[in-house]
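*Asks:* Pasting input-v9.txt below, which is compact mmCIF, N, CA and C atoms.
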```
# COMPACT_ATOMS: atom_id res chain seq x y z
N MET R 1 -23.13 97.35 106.95
CA MET R 1 -22.84 98.75 107.24
C MET R 1 -22.13 98.89 108.59
N LYS R 2 -22.57 98.10 109.58
CA LYS R 2 -21.93 98.17 110.89
C LYS R 2 -20.47 97.73 110.81
N LYS R 3 -20.20 96.72 109.99
CA LYS R 3 -18.83 96.24 109.85
C LYS R 3 -17.94 97.31 109.25
N ILE R 4 -18.44 98.02 108.25
CA ILE R 4 -17.65 99.08 107.62
C ILE R 4 -17.37 100.19 108.64
N ALA R 5 -18.35 100.55 109.42
CA ALA R 5 -18.17 101.60 110.43
C ALA R 5 -17.13 101.15 111.47
N LEU R 6 -17.19 99.90 111.89
CA LEU R 6 -16.23 99.39 112.86
C LEU R 6 -14.81 99.39 112.29
N VAL R 7 -14.67 98.99 111.04
CA VAL R 7 -13.36 99.00 110.39
C VAL R 7 -12.81 100.42 110.30
N LEU R 8 -13.67 101.38 109.92
CA LEU R 8 -13.22 102.77 109.84
C LEU R 8 -12.81 103.32 111.20
N ILE R 9 -13.56 103.00 112.23
CA ILE R 9 -13.21 103.42 113.59
C ILE R 9 -11.88 102.80 114.00
N PHE R 10 -11.69 101.53 113.69
CA PHE R 10 -10.45 100.83 114.03
C PHE R 10 -9.26 101.48 113.32
N ILE R 11 -9.40 101.77 112.03
CA ILE R 11 -8.32 102.39 111.26
C ILE R 11 -8.01 103.79 111.80
N PHE R 12 -9.05 104.56 112.11
CA PHE R 12 -8.85 105.90 112.67
C PHE R 12 -8.14 105.81 114.02
N SER R 13 -8.51 104.84 114.83
CA SER R 13 -7.90 104.65 116.15
C SER R 13 -6.41 104.31 116.02
N ILE R 14 -6.08 103.44 115.10
CA ILE R 14 -4.67 103.08 114.88
C ILE R 14 -3.87 104.29 114.43
N ASN R 15 -4.41 105.07 113.49
CA ASN R 15 -3.73 106.26 113.00
C ASN R 15 -3.55 107.29 114.12
N SER R 16 -4.58 107.47 114.92
CA SER R 16 -4.52 108.42 116.03
C SER R 16 -3.47 108.00 117.05
N ASN R 17 -3.43 106.72 117.39
CA ASN R 17 -2.43 106.22 118.34
C ASN R 17 -1.02 106.38 117.80
N ALA R 18 -0.84 106.15 116.51
CA ALA R 18 0.48 106.30 115.90
C ALA R 18 0.93 107.76 115.96
N GLN R 19 0.02 108.69 115.68
CA GLN R 19 0.37 110.11 115.76
C GLN R 19 0.72 110.49 117.19
N ASN R 20 -0.05 110.02 118.15
CA ASN R 20 0.24 110.31 119.56
C ASN R 20 1.61 109.77 119.96
N GLU R 21 1.94 108.58 119.50
CA GLU R 21 3.25 107.99 119.81
C GLU R 21 4.36 108.80 119.17
N ASP R 22 4.15 109.30 117.95
CA ASP R 22 5.17 110.13 117.30
C ASP R 22 5.41 111.42 118.08
N VAL R 23 4.34 112.03 118.56
CA VAL R 23 4.47 113.25 119.37
C VAL R 23 5.20 112.92 120.67
N LYS R 24 4.81 111.84 121.32
CA LYS R 24 5.46 111.42 122.58
C LYS R 24 6.94 111.14 122.35
N ASN R 25 7.27 110.48 121.26
CA ASN R 25 8.67 110.18 120.94
C ASN R 25 9.48 111.46 120.73
N THR R 26 8.87 112.47 120.11
CA THR R 26 9.55 113.75 119.91
C THR R 26 9.87 114.39 121.26
N ILE R 27 8.92 114.37 122.17
CA ILE R 27 9.14 114.94 123.51
C ILE R 27 10.18 114.13 124.27
N GLN R 28 10.13 112.82 124.14
CA GLN R 28 11.14 111.99 124.80
C GLN R 28 12.54 112.26 124.23
N THR R 29 12.64 112.50 122.94
CA THR R 29 13.92 112.86 122.33
C THR R 29 14.41 114.20 122.87
N PHE R 30 13.49 115.14 123.06
CA PHE R 30 13.84 116.43 123.65
C PHE R 30 14.49 116.21 125.02
N PHE R 31 13.87 115.39 125.86
CA PHE R 31 14.41 115.17 127.19
C PHE R 31 15.69 114.34 127.17
N GLU R 32 15.82 113.46 126.20
CA GLU R 32 17.08 112.73 126.06
C GLU R 32 18.21 113.71 125.77
N GLY R 33 17.98 114.63 124.84
CA GLY R 33 18.99 115.65 124.55
C GLY R 33 19.25 116.55 125.75
N PHE R 34 18.20 116.93 126.46
CA PHE R 34 18.33 117.78 127.64
C PHE R 34 19.15 117.09 128.72
N HIS R 35 18.83 115.85 129.02
CA HIS R 35 19.53 115.13 130.09
C HIS R 35 20.98 114.80 129.73
N HIS R 36 21.26 114.64 128.45
CA HIS R 36 22.63 114.32 128.03
C HIS R 36 23.42 115.55 127.57
N ARG R 37 22.82 116.75 127.76
CA ARG R 37 23.49 118.00 127.38
C ARG R 37 23.83 118.00 125.89
N ASP R 38 22.97 117.41 125.08
CA ASP R 38 23.20 117.20 123.65
C ASP R 38 22.37 118.21 122.85
N THR R 39 22.96 119.36 122.56
CA THR R 39 22.22 120.39 121.84
C THR R 39 21.95 120.00 120.38
N LEU R 40 22.77 119.15 119.80
CA LEU R 40 22.49 118.69 118.44
C LEU R 40 21.19 117.88 118.40
N LEU R 41 20.99 117.04 119.39
CA LEU R 41 19.76 116.26 119.47
C LEU R 41 18.57 117.18 119.73
N LEU R 42 18.76 118.18 120.58
CA LEU R 42 17.68 119.15 120.84
C LEU R 42 17.30 119.88 119.55
N HIS R 43 18.29 120.28 118.76
CA HIS R 43 18.02 120.97 117.49
C HIS R 43 17.17 120.11 116.55
N GLN R 44 17.30 118.81 116.62
CA GLN R 44 16.55 117.92 115.74
C GLN R 44 15.04 117.98 115.99
N VAL R 45 14.64 118.27 117.23
CA VAL R 45 13.21 118.23 117.56
C VAL R 45 12.63 119.59 117.88
N CYS R 46 13.47 120.63 117.93
CA CYS R 46 13.00 121.98 118.24
C CYS R 46 12.97 122.84 116.99
N ALA R 47 11.90 123.60 116.83
CA ALA R 47 11.80 124.53 115.71
C ALA R 47 12.81 125.66 115.91
N ASP R 48 13.23 126.26 114.82
CA ASP R 48 14.22 127.33 114.88
C ASP R 48 13.75 128.54 115.70
N LYS R 49 12.44 128.74 115.76
CA LYS R 49 11.90 129.89 116.49
C LYS R 49 11.09 129.44 117.71
N MET R 50 11.51 128.34 118.32
CA MET R 50 10.78 127.82 119.48
C MET R 50 10.76 128.86 120.60
N ILE R 51 9.63 128.94 121.29
CA ILE R 51 9.45 129.86 122.41
C ILE R 51 9.44 129.04 123.70
N LEU R 52 10.19 129.50 124.69
CA LEU R 52 10.24 128.85 126.01
C LEU R 52 9.80 129.84 127.07
N GLN R 53 8.77 129.48 127.82
CA GLN R 53 8.30 130.32 128.90
C GLN R 53 8.08 129.49 130.16
N SER R 54 8.18 130.14 131.32
CA SER R 54 7.94 129.49 132.60
C SER R 54 7.07 130.37 133.47
N ILE R 55 6.21 129.72 134.22
CA ILE R 55 5.38 130.39 135.21
C ILE R 55 5.88 129.94 136.58
N GLU R 56 6.46 130.87 137.31
CA GLU R 56 6.94 130.59 138.66
C GLU R 56 5.80 130.87 139.62
N GLU R 57 5.45 129.88 140.42
CA GLU R 57 4.37 130.02 141.39
C GLU R 57 4.97 130.00 142.79
N ASN R 58 4.75 131.09 143.56
CA ASN R 58 5.22 131.11 144.94
C ASN R 58 4.35 132.04 145.76
N SER R 59 4.66 132.15 147.03
CA SER R 59 3.82 132.93 147.95
C SER R 59 3.85 134.43 147.65
N ASN R 60 4.86 134.90 146.92
CA ASN R 60 4.95 136.31 146.55
C ASN R 60 4.13 136.64 145.32
N GLY R 61 3.51 135.64 144.72
CA GLY R 61 2.73 135.83 143.50
C GLY R 61 3.34 135.04 142.35
N ASN R 62 2.67 135.05 141.25
CA ASN R 62 3.11 134.31 140.07
C ASN R 62 3.83 135.25 139.12
N SER R 63 4.84 134.70 138.41
CA SER R 63 5.56 135.50 137.43
C SER R 63 5.79 134.68 136.17
N LEU R 64 5.79 135.37 135.06
CA LEU R 64 6.01 134.74 133.75
C LEU R 64 7.35 135.22 133.22
N THR R 65 8.21 134.25 132.85
CA THR R 65 9.50 134.59 132.25
C THR R 65 9.64 133.89 130.91
N GLU R 66 10.43 134.49 130.05
CA GLU R 66 10.72 133.89 128.74
C GLU R 66 12.22 133.74 128.61
N GLU R 67 12.65 132.58 128.11
CA GLU R 67 14.07 132.31 127.92
C GLU R 67 14.37 132.28 126.43
N PRO R 68 15.27 133.13 125.96
CA PRO R 68 15.64 133.08 124.54
C PRO R 68 16.21 131.70 124.18
N LEU R 69 15.88 131.22 123.00
CA LEU R 69 16.28 129.87 122.58
C LEU R 69 17.79 129.70 122.59
N HIS R 70 18.54 130.68 122.11
CA HIS R 70 20.01 130.55 122.09
C HIS R 70 20.56 130.44 123.51
N PHE R 71 19.94 131.13 124.46
CA PHE R 71 20.38 131.04 125.85
C PHE R 71 20.09 129.64 126.41
N PHE R 72 18.93 129.08 126.05
CA PHE R 72 18.59 127.72 126.49
C PHE R 72 19.65 126.72 126.02
N TYR R 73 19.98 126.76 124.74
CA TYR R 73 20.99 125.83 124.21
C TYR R 73 22.34 126.02 124.91
N ARG R 74 22.74 127.27 125.10
CA ARG R 74 24.02 127.56 125.74
C ARG R 74 24.03 127.07 127.19
N SER R 75 22.93 127.27 127.91
CA SER R 75 22.90 126.84 129.31
C SER R 75 22.90 125.32 129.43
N VAL R 76 22.17 124.62 128.55
CA VAL R 76 22.17 123.15 128.58
C VAL R 76 23.58 122.63 128.32
N ALA R 77 24.25 123.20 127.34
CA ALA R 77 25.60 122.73 126.99
C ALA R 77 26.62 123.02 128.09
N SER R 78 26.34 124.02 128.92
CA SER R 78 27.33 124.41 129.92
C SER R 78 26.99 123.94 131.34
N PHE R 79 25.96 123.12 131.50
CA PHE R 79 25.70 122.57 132.83
C PHE R 79 26.94 121.83 133.31
N PRO R 80 27.34 122.02 134.55
CA PRO R 80 28.53 121.31 135.06
C PRO R 80 28.34 119.78 134.94
N LYS R 81 29.42 119.11 134.60
CA LYS R 81 29.37 117.64 134.42
C LYS R 81 28.99 116.92 135.71
N ASP R 82 29.34 117.50 136.85
CA ASP R 82 29.03 116.84 138.12
C ASP R 82 27.60 117.13 138.61
N LEU R 83 26.88 117.99 137.89
CA LEU R 83 25.49 118.28 138.23
C LEU R 83 24.60 117.17 137.69
N LYS R 84 23.88 116.53 138.58
CA LYS R 84 22.95 115.48 138.17
C LYS R 84 21.54 116.08 138.20
N TYR R 85 20.88 116.11 137.07
CA TYR R 85 19.53 116.64 137.00
C TYR R 85 18.66 115.69 136.19
N ASN R 86 17.40 115.63 136.57
CA ASN R 86 16.49 114.69 135.92
C ASN R 86 15.07 115.23 136.00
N GLU R 87 14.47 115.43 134.85
CA GLU R 87 13.07 115.82 134.80
C GLU R 87 12.27 114.55 134.49
N GLN R 88 11.50 114.12 135.46
CA GLN R 88 10.70 112.90 135.31
C GLN R 88 9.29 113.28 134.86
N ILE R 89 8.93 112.81 133.68
CA ILE R 89 7.58 113.03 133.17
C ILE R 89 6.67 111.98 133.80
N LEU R 90 5.59 112.44 134.40
CA LEU R 90 4.69 111.55 135.13
C LEU R 90 3.59 110.96 134.24
N SER R 91 3.18 111.71 133.22
CA SER R 91 2.15 111.21 132.30
C SER R 91 2.10 112.11 131.07
N TYR R 92 1.41 111.64 130.05
CA TYR R 92 1.23 112.38 128.80
C TYR R 92 -0.25 112.45 128.47
N THR R 93 -0.73 113.66 128.16
CA THR R 93 -2.05 113.84 127.55
C THR R 93 -1.79 114.53 126.23
N ILE R 94 -2.09 113.85 125.14
CA ILE R 94 -1.74 114.35 123.80
C ILE R 94 -2.99 114.52 122.96
N GLN R 95 -3.06 115.65 122.27
CA GLN R 95 -4.13 115.92 121.32
C GLN R 95 -3.49 116.30 119.99
N VAL R 96 -4.03 115.75 118.91
CA VAL R 96 -3.50 116.02 117.57
C VAL R 96 -4.63 116.44 116.65
N ASP R 97 -4.38 117.49 115.88
CA ASP R 97 -5.31 117.91 114.83
C ASP R 97 -4.49 118.23 113.59
N GLY R 98 -4.44 117.29 112.67
CA GLY R 98 -3.68 117.49 111.44
C GLY R 98 -2.21 117.69 111.72
N SER R 99 -1.72 118.89 111.42
CA SER R 99 -0.29 119.17 111.57
C SER R 99 0.05 119.89 112.88
N MET R 100 -0.90 119.93 113.81
CA MET R 100 -0.64 120.56 115.10
C MET R 100 -0.93 119.55 116.22
N ALA R 101 -0.09 119.60 117.25
CA ALA R 101 -0.29 118.72 118.40
C ALA R 101 -0.02 119.51 119.68
N HIS R 102 -0.65 119.05 120.74
CA HIS R 102 -0.44 119.64 122.06
C HIS R 102 -0.26 118.50 123.05
N ALA R 103 0.73 118.65 123.93
CA ALA R 103 0.98 117.63 124.95
C ALA R 103 1.07 118.30 126.31
N TRP R 104 0.40 117.71 127.26
CA TRP R 104 0.37 118.17 128.65
C TRP R 104 1.12 117.12 129.46
N THR R 105 2.22 117.51 130.13
CA THR R 105 3.06 116.53 130.80
C THR R 105 3.42 116.98 132.22
N PRO R 106 2.69 116.51 133.23
CA PRO R 106 3.10 116.79 134.60
C PRO R 106 4.49 116.20 134.85
N TYR R 107 5.28 116.89 135.69
CA TYR R 107 6.65 116.46 135.91
C TYR R 107 7.11 116.74 137.34
N GLU R 108 8.23 116.11 137.68
CA GLU R 108 8.99 116.41 138.89
C GLU R 108 10.44 116.60 138.45
N PHE R 109 11.09 117.65 138.96
CA PHE R 109 12.47 117.96 138.57
C PHE R 109 13.38 117.74 139.77
N TYR R 110 14.40 116.89 139.56
CA TYR R 110 15.34 116.54 140.62
C TYR R 110 16.74 117.08 140.28
N ILE R 111 17.39 117.63 141.30
CA ILE R 111 18.78 118.04 141.19
C ILE R 111 19.55 117.26 142.24
N ASN R 112 20.56 116.52 141.77
CA ASN R 112 21.35 115.66 142.66
C ASN R 112 20.45 114.79 143.54
N ASP R 113 19.46 114.18 142.90
CA ASP R 113 18.52 113.23 143.51
C ASP R 113 17.56 113.85 144.53
N LYS R 114 17.49 115.17 144.62
CA LYS R 114 16.55 115.83 145.53
C LYS R 114 15.52 116.59 144.70
N LEU R 115 14.25 116.48 145.11
CA LEU R 115 13.19 117.19 144.40
C LEU R 115 13.44 118.70 144.49
N SER R 116 13.58 119.34 143.35
CA SER R 116 13.80 120.78 143.28
C SER R 116 12.46 121.50 143.14
N HIS R 117 11.66 121.05 142.18
CA HIS R 117 10.35 121.64 141.94
C HIS R 117 9.53 120.69 141.10
N LYS R 118 8.26 121.03 140.94
CA LYS R 118 7.37 120.22 140.10
C LYS R 118 6.37 121.14 139.43
N GLY R 119 5.66 120.58 138.49
CA GLY R 119 4.67 121.37 137.76
C GLY R 119 4.16 120.60 136.56
N VAL R 120 3.87 121.35 135.51
CA VAL R 120 3.40 120.74 134.27
C VAL R 120 4.04 121.47 133.10
N ASN R 121 4.39 120.71 132.07
CA ASN R 121 4.85 121.28 130.80
C ASN R 121 3.68 121.24 129.83
N ALA R 122 3.58 122.26 129.00
CA ALA R 122 2.65 122.25 127.88
C ALA R 122 3.47 122.46 126.61
N PHE R 123 3.48 121.45 125.76
CA PHE R 123 4.22 121.49 124.49
C PHE R 123 3.25 121.71 123.34
N THR R 124 3.60 122.60 122.42
CA THR R 124 2.88 122.72 121.16
C THR R 124 3.86 122.32 120.07
N LEU R 125 3.40 121.46 119.17
CA LEU R 125 4.25 120.95 118.10
C LEU R 125 3.56 121.14 116.76
N PHE R 126 4.36 121.19 115.71
CA PHE R 126 3.80 121.16 114.36
C PHE R 126 4.53 120.10 113.55
N LYS R 127 3.81 119.54 112.58
CA LYS R 127 4.39 118.49 111.77
C LYS R 127 5.02 119.12 110.53
N GLU R 128 6.34 118.97 110.44
CA GLU R 128 7.10 119.50 109.31
C GLU R 128 7.51 118.31 108.47
N LYS R 129 6.94 118.20 107.29
CA LYS R 129 7.15 117.04 106.42
C LYS R 129 6.75 115.78 107.18
N GLU R 130 7.69 114.95 107.57
CA GLU R 130 7.36 113.69 108.25
C GLU R 130 7.72 113.68 109.73
N SER R 131 8.18 114.81 110.27
CA SER R 131 8.59 114.80 111.68
C SER R 131 7.92 115.94 112.44
N TRP R 132 7.73 115.73 113.72
CA TRP R 132 7.16 116.73 114.61
C TRP R 132 8.27 117.62 115.15
N LYS R 133 7.99 118.92 115.23
CA LYS R 133 8.92 119.91 115.79
C LYS R 133 8.21 120.64 116.93
N ILE R 134 8.94 120.86 118.01
CA ILE R 134 8.39 121.60 119.14
C ILE R 134 8.51 123.09 118.82
N VAL R 135 7.39 123.82 118.89
CA VAL R 135 7.41 125.25 118.61
C VAL R 135 7.21 126.09 119.87
N TYR R 136 6.66 125.46 120.92
CA TYR R 136 6.36 126.24 122.12
C TYR R 136 6.37 125.32 123.33
N ILE R 137 7.05 125.78 124.39
CA ILE R 137 7.01 125.08 125.67
C ILE R 137 6.74 126.11 126.74
N ILE R 138 5.75 125.85 127.55
CA ILE R 138 5.52 126.65 128.74
C ILE R 138 5.37 125.67 129.90
N ASP R 139 5.94 126.04 131.04
CA ASP R 139 5.83 125.16 132.19
C ASP R 139 5.51 125.94 133.44
N THR R 140 4.94 125.25 134.40
CA THR R 140 4.74 125.83 135.73
C THR R 140 5.83 125.25 136.64
N ARG R 141 6.20 126.05 137.63
CA ARG R 141 7.24 125.61 138.57
C ARG R 141 6.81 126.01 139.97
N ARG R 142 6.72 125.01 140.84
CA ARG R 142 6.40 125.30 142.24
C ARG R 142 7.18 124.35 143.12
N LYS R 143 7.50 124.83 144.29
CA LYS R 143 8.27 124.02 145.27
C LYS R 143 7.38 122.98 145.89
```
Would you mind giving the structure from this file in structure tokens?
*Replies:*
Amino acid sequence: MKKIALVLIFIFSINSNAQNEDVKNTIQTFFEGFHHRDTLLLHQVCADKMILQSIEENSNGNSLTEEPLHFFYRSVASFPKDLKYNEQILSYTIQVDGSMAHAWTPYEFYINDKLSHKGVNAFTLFKEKESWKIVYIIDTRRK
């Protein structure tokens, strides 16, 4: 009986790790598209009705803003070619329940090799057929 329980735990662990890796790969693809100004790649991992929100934290108080998805795609595509930007993900905490996943990713954002701001991203994803799609991103931003 103990052997069967150990085998089941092992199989569950492998499946869980594979799902976490799939979610992580989806987020990494998102950032690959973002960093390369590739809106076609972004479309592959973003749901058609994805919501983007940001929480700006500063001494004047906190504010919540929402960016329309079409504006996000347009702004990514129109970033100047000489602008160097890089969002470095520091770690991933991923939770999966069936067809829903959540990822918490602390980050640092650099513009032309200088730290611009930092915070955390929270991604919500759903599994559509065999692939994960990002449906919601909210991030904090502080200097």
*Asks:* Name all residues at most 6 Å from R:Tyr136 (count only C-alpha atoms; drop same-chain ones fewer than 6 positions away) and give them as a list in words.
*Replies:*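 The residues satisfying every condition are Met50, Ile51, Phe123 and Thr124 of chain R.
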*Asks:* Export N, CA and C atoms of the chosen residues as a CSV table (one decimal), in the frame of the given file?
*Replies:*
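The resulting file, out_34.csv, is reproduced below:
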```
chain,number,residue,atom,x,y,z
R,50,MET,N,11.5,128.3,118.3
R,50,MET,CA,10.8,127.8,119.5
R,50,MET,C,10.8,128.9,120.6
R,51,ILE,N,9.6,128.9,121.3
R,51,ILE,CA,9.4,129.9,122.4
R,51,ILE,C,9.4,129.0,123.7
R,123,PHE,N,3.5,121.4,125.8
R,123,PHE,CA,4.2,121.5,124.5
R,123,PHE,C,3.2,121.7,123.3
R,124,THR,N,3.6,122.6,122.4
R,124,THR,CA,2.9,122.7,121.2
R,124,THR,C,3.9,122.3,120.1
```
*Asks:* Report as a list in words all protein, DNA and RNA residues lying within 6 Å of stretch 68-80 of chain R, evaluated on only N, CA and C atoms, omitting residues in the same chain fewer than 2 positions from it.
*Replies:*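 So the residues in contact are Arg37, Met50, Glu66, Asp82 and Leu83 of chain R.
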*Asks:* If you run DSSP over the backbone, which residues in stretch 5-141 of chain R end up alpha helix (DSSP H)? Put them as an MDAnalysis selection string.
*Replies:* chainID R and resid 5:35 39:45 69:77
*Asks:* Please determine, counting all atoms listed in the file, which residue among R:Met100, R:Val23, R:Leu64, R:Val135 has the shortest atom-to-atom distance to R:Cys46.
*Replies:*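 So, comparing all the options, the nearest one is R:Val135.
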*Asks:* DSSP on the backbone: which residues in chain R end up as strand (DSSP E)? Give the answer as a VMD selection string.
*Replies:* chain R and resid 46 to 58 61 to 67 85 to 89 93 to 97 100 to 111 114 to 128 131 to 141
*Asks:* Counting all atoms listed in the file, what is within 6.5 Å of stretch 113-116 of chain R, bar same-chain residues fewer than 5 positions away, as a PyMOL selection string?
*Replies:* chain R and resi 84-85+108+142-143
